[in-house]
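Report on the following structure.
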Amino acid sequence: MRYVWIALGSLLVVAAAGAGVFYLGRERAPAPGAPPLPRVAEERHYYVLLTLVEVEPGKWDAGGSPPDLFYRIRWQGHDVFESATKKDTLLAKWSNAAVAPGDLVNGVSLDDSIKAARITARAGDAIEFLVFDSDVGFDDPVGSWTVAVGDLEVGDQAWSRPGGKVVAAGCRVLPIDDVGLASLTR
Amino acid sequence: MSRLRILSILAWANHLLLGAGLFGPCMTVTPHLGHLDDLGRWLGLVDEPRTYSVATGILQLLRGGNMAVGIVLLVFSALFPVAKLVILRAALADARRGGGAGRAHDLAARFGRFSMADVFVLALIVVVSKSFPGGTTVDVRWGAFAFAAAALLSLVLAARVSAPSRRDGEGSRAPRTA
């Protein structure tokens with residue numbers, strides 16, 4: 001019985017030390033005073049894309065399958081970008097670029113491969129994000145929201161319940177002038 | 001301060017070192033894709049650097065279906081070192097009671113011979129990881145040093161705790177003669 005207590009004591013101390021290390025080493029949320037992401041600069045050019053869209057569960061397509069999601073970006077009255085469609089998902093994710101396997105062999109133009117809207121930041125401009133469920137006959141609107149261009153932040157930003165049935169959305173803004181592999185890989 | 005008290009303090013320190021070694025950051029794996037590294041990272045094909053502790057590494061292996069490797073690591077990196085500490089403390093407790101060299105002393109002497117098995121397993125992982133393709137790097141973090149220090153300290157403690165029993169010739173086998 002004495003050895004059982006010794007074993008329990010050892011286990012407890014090892015576990016306590018481990019818990020202490022885990023607690024001290026855990027990732028902390030940014031401090032409230034941490035500097036915000038830089039806003040877009042006037043008259044500069046930017047790539048804008050949604051990296052993620054999550055929609056509410058519910059009745060979507062026939063047979064109970066989830067929606068086929070894609071989005072458009074509207075700027076200055078024009079649809080300046082339409083994304084690829086992500087089939088049967090409640091959580092769609094898009095990357096900066098789409099490159100065919102052959103491009104890796106034959107070479108790829110960086111700008112051509114970037115799948116994003118191109119905009120110029122101007123005071124008073126707004127950018128509209130429209131998310132759709134792609135259907136055979138008619139694309140059903142899922143949600144849309146408008147953001148003042150001046151409010152966009154360079155880098156990744158997240159929105160909660162931005163509009164319609166969209167639960168969460170992630171947006172990435174990259175300065176066109178600075179886009180090289182190094183800046184994209186940060 | 002008596003010898004037993006010093007050994008006892010060192011045994012508790014060994015517990016703390018082992019806990020830190022098991023749960024502290026042990027290695028950071030930074031994936032690379034050779035000359036396609038930038039492009040791969042840009043396309044999201046290359047993961048961000050990940051840091052593992054011994055404990056999270058074992059969990060990843062077990063969850064990922066690598067049961068055999070996971071169990072070997074669990075035994076030699078977690079269960080075996082803890083068992084050594086339990087035996088050490090039992091041997092020290094016996095010594096404090098003045099009971100002389102008992103079964104715990106015997107076990108401490110025997111386990112001492114395998115004290116470096118856990119460090120060997122850790123070193124093996126790092127060496128194997130160094131040969132990952134595409135220039136993927138593995139950086140050893142402080143948790144690995146804490147783990148190695150715990151193993152070394154337990155080796156010293158096992159030798160110190162089992163030493164009297166060997167001298168007294170109690171509780172251990174007689175030396176073999178040719």
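Just so we're on the same page: first chain in the structure tokens is A, next is B, and so on; residues restart at 1 for each chain, and ligands are numbered from 1 in the order they show up.
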Query - Polymer residues at most 9 Å from A:Gly25, only C-alpha atoms, same-chain spacing of 5 or more positions, as a PyMOL selection string - result: (chain A and resi 20) or (chain B and resi 24-25)
Query - Contact residues around stretch 159-173 of chain A with only C-alpha atoms at 9 Å, ignoring same-chain residues under 2 positions, as a VMD selection string - result: chain A and resid 40 46 to 57 93 96 131 141 to 146 152 to 157 175
Could you list, as a PDB file with all heavy atoms, in the first residue's frame, every residue within 12 Å of A:Trp5, counting only C-alpha atoms and ignoring same-chain residues fewer than 5 positions away?
```pdb
ATOM      1  N   SER A  10       4.419  10.411  -7.135  1.00  0.00           N
ATOM      2  CA  SER A  10       5.291  10.677  -8.281  1.00  0.00           C
ATOM      3  C   SER A  10       4.482  11.122  -9.489  1.00  0.00           C
ATOM      4  O   SER A  10       4.831  12.095 -10.167  1.00  0.00           O
ATOM      5  CB  SER A  10       6.085   9.411  -8.639  1.00  0.00           C
ATOM      6  OG  SER A  10       7.075   9.180  -7.682  1.00  0.00           O
ATOM      7  N   LEU A  11       3.407  10.399  -9.749  1.00  0.00           N
ATOM      8  CA  LEU A  11       2.567  10.744 -10.904  1.00  0.00           C
ATOM      9  C   LEU A  11       2.013  12.154 -10.772  1.00  0.00           C
ATOM     10  O   LEU A  11       1.997  12.923 -11.740  1.00  0.00           O
ATOM     11  CB  LEU A  11       1.409   9.744 -11.041  1.00  0.00           C
ATOM     12  CG  LEU A  11       1.754   8.416 -11.697  1.00  0.00           C
ATOM     13  CD1 LEU A  11       0.558   7.477 -11.638  1.00  0.00           C
ATOM     14  CD2 LEU A  11       2.181   8.622 -13.146  1.00  0.00           C
ATOM     15  N   LEU A  12       1.569  12.480  -9.554  1.00  0.00           N
ATOM     16  CA  LEU A  12       0.987  13.803  -9.320  1.00  0.00           C
ATOM     17  C   LEU A  12       2.006  14.914  -9.557  1.00  0.00           C
ATOM     18  O   LEU A  12       1.708  15.924 -10.205  1.00  0.00           O
ATOM     19  CB  LEU A  12       0.444  13.903  -7.894  1.00  0.00           C
ATOM     20  CG  LEU A  12      -1.011  13.508  -7.705  1.00  0.00           C
ATOM     21  CD1 LEU A  12      -1.382  13.574  -6.240  1.00  0.00           C
ATOM     22  CD2 LEU A  12      -1.918  14.423  -8.529  1.00  0.00           C
TER      23      LEU A  12
ATOM     24  N   VAL B  86       9.412   6.257  -9.411  1.00  0.00           N
ATOM     25  CA  VAL B  86       8.649   5.608  -8.333  1.00  0.00           C
ATOM     26  C   VAL B  86       9.556   4.642  -7.577  1.00  0.00           C
ATOM     27  O   VAL B  86       9.580   4.620  -6.334  1.00  0.00           O
ATOM     28  CB  VAL B  86       7.415   4.871  -8.912  1.00  0.00           C
ATOM     29  CG1 VAL B  86       6.752   4.017  -7.836  1.00  0.00           C
ATOM     30  CG2 VAL B  86       6.431   5.866  -9.492  1.00  0.00           C
ATOM     31  N   ILE B  87      10.337   3.873  -8.317  1.00  0.00           N
ATOM     32  CA  ILE B  87      11.229   2.898  -7.691  1.00  0.00           C
ATOM     33  C   ILE B  87      12.313   3.613  -6.871  1.00  0.00           C
ATOM     34  O   ILE B  87      12.648   3.185  -5.762  1.00  0.00           O
ATOM     35  CB  ILE B  87      11.848   1.982  -8.761  1.00  0.00           C
ATOM     36  CG1 ILE B  87      10.753   1.059  -9.310  1.00  0.00           C
ATOM     37  CG2 ILE B  87      13.004   1.169  -8.206  1.00  0.00           C
ATOM     38  CD1 ILE B  87      11.118   0.408 -10.605  1.00  0.00           C
ATOM     39  N   ARG B  89      12.067   6.509  -5.432  1.00  0.00           N
ATOM     40  CA  ARG B  89      11.478   7.046  -4.195  1.00  0.00           C
ATOM     41  C   ARG B  89      11.176   5.923  -3.207  1.00  0.00           C
ATOM     42  O   ARG B  89      11.323   6.102  -1.985  1.00  0.00           O
ATOM     43  CB  ARG B  89      10.212   7.844  -4.520  1.00  0.00           C
ATOM     44  CG  ARG B  89      10.552   9.217  -5.102  1.00  0.00           C
ATOM     45  CD  ARG B  89       9.339  10.111  -5.120  1.00  0.00           C
ATOM     46  NE  ARG B  89       8.710  10.189  -3.831  1.00  0.00           N
ATOM     47  CZ  ARG B  89       7.398  10.000  -3.639  1.00  0.00           C
ATOM     48  NH1 ARG B  89       6.605   9.731  -4.650  1.00  0.00           N
ATOM     49  NH2 ARG B  89       6.891  10.093  -2.442  1.00  0.00           N
ATOM     50  N   ALA B  90      10.761   4.795  -3.744  1.00  0.00           N
ATOM     51  CA  ALA B  90      10.502   3.649  -2.853  1.00  0.00           C
ATOM     52  C   ALA B  90      11.790   3.203  -2.176  1.00  0.00           C
ATOM     53  O   ALA B  90      11.814   2.912  -0.970  1.00  0.00           O
ATOM     54  CB  ALA B  90       9.889   2.508  -3.661  1.00  0.00           C
ATOM     55  N   ALA B  93      12.663   5.682   0.422  1.00  0.00           N
ATOM     56  CA  ALA B  93      11.772   5.528   1.578  1.00  0.00           C
ATOM     57  C   ALA B  93      12.209   4.346   2.428  1.00  0.00           C
ATOM     58  O   ALA B  93      12.222   4.409   3.674  1.00  0.00           O
ATOM     59  CB  ALA B  93      10.333   5.366   1.097  1.00  0.00           C
TER      60      ALA B  93
END
```
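Within the 9 Å cut-off around A:Ala16, using only C-alpha atoms and omitting residues fewer than 5 positions from it on the same chain, the listed residues are Leu11 and Val21 of chain A; Leu16 and Gly19 of chain B.
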Report summary line: With distances taken over only C-alpha atoms, the candidate from B:Ser53, B:Ser8, B:Asn14, B:Asn66 nearest B:Trp142 is B:Ser53
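Considering only C-alpha atoms, the residue among A:Ile6, A:Leu69, A:Met1, A:Ile119 positioned nearest to chain B is A:Ile6.
Each of B:His15, B:Arg97, B:Arg3, B:Arg50 was checked against B:Ala78 using only C-alpha atoms; the smallest atom-to-atom distance is that of B:His15.
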**Report entry** Neighbour list for B:Leu157 as a ChimeraX atom specification, cut-off 8 Å, only C-alpha atoms, skip fewer than 6 positions in-chain
**Finding:** /B:7,10-11,88
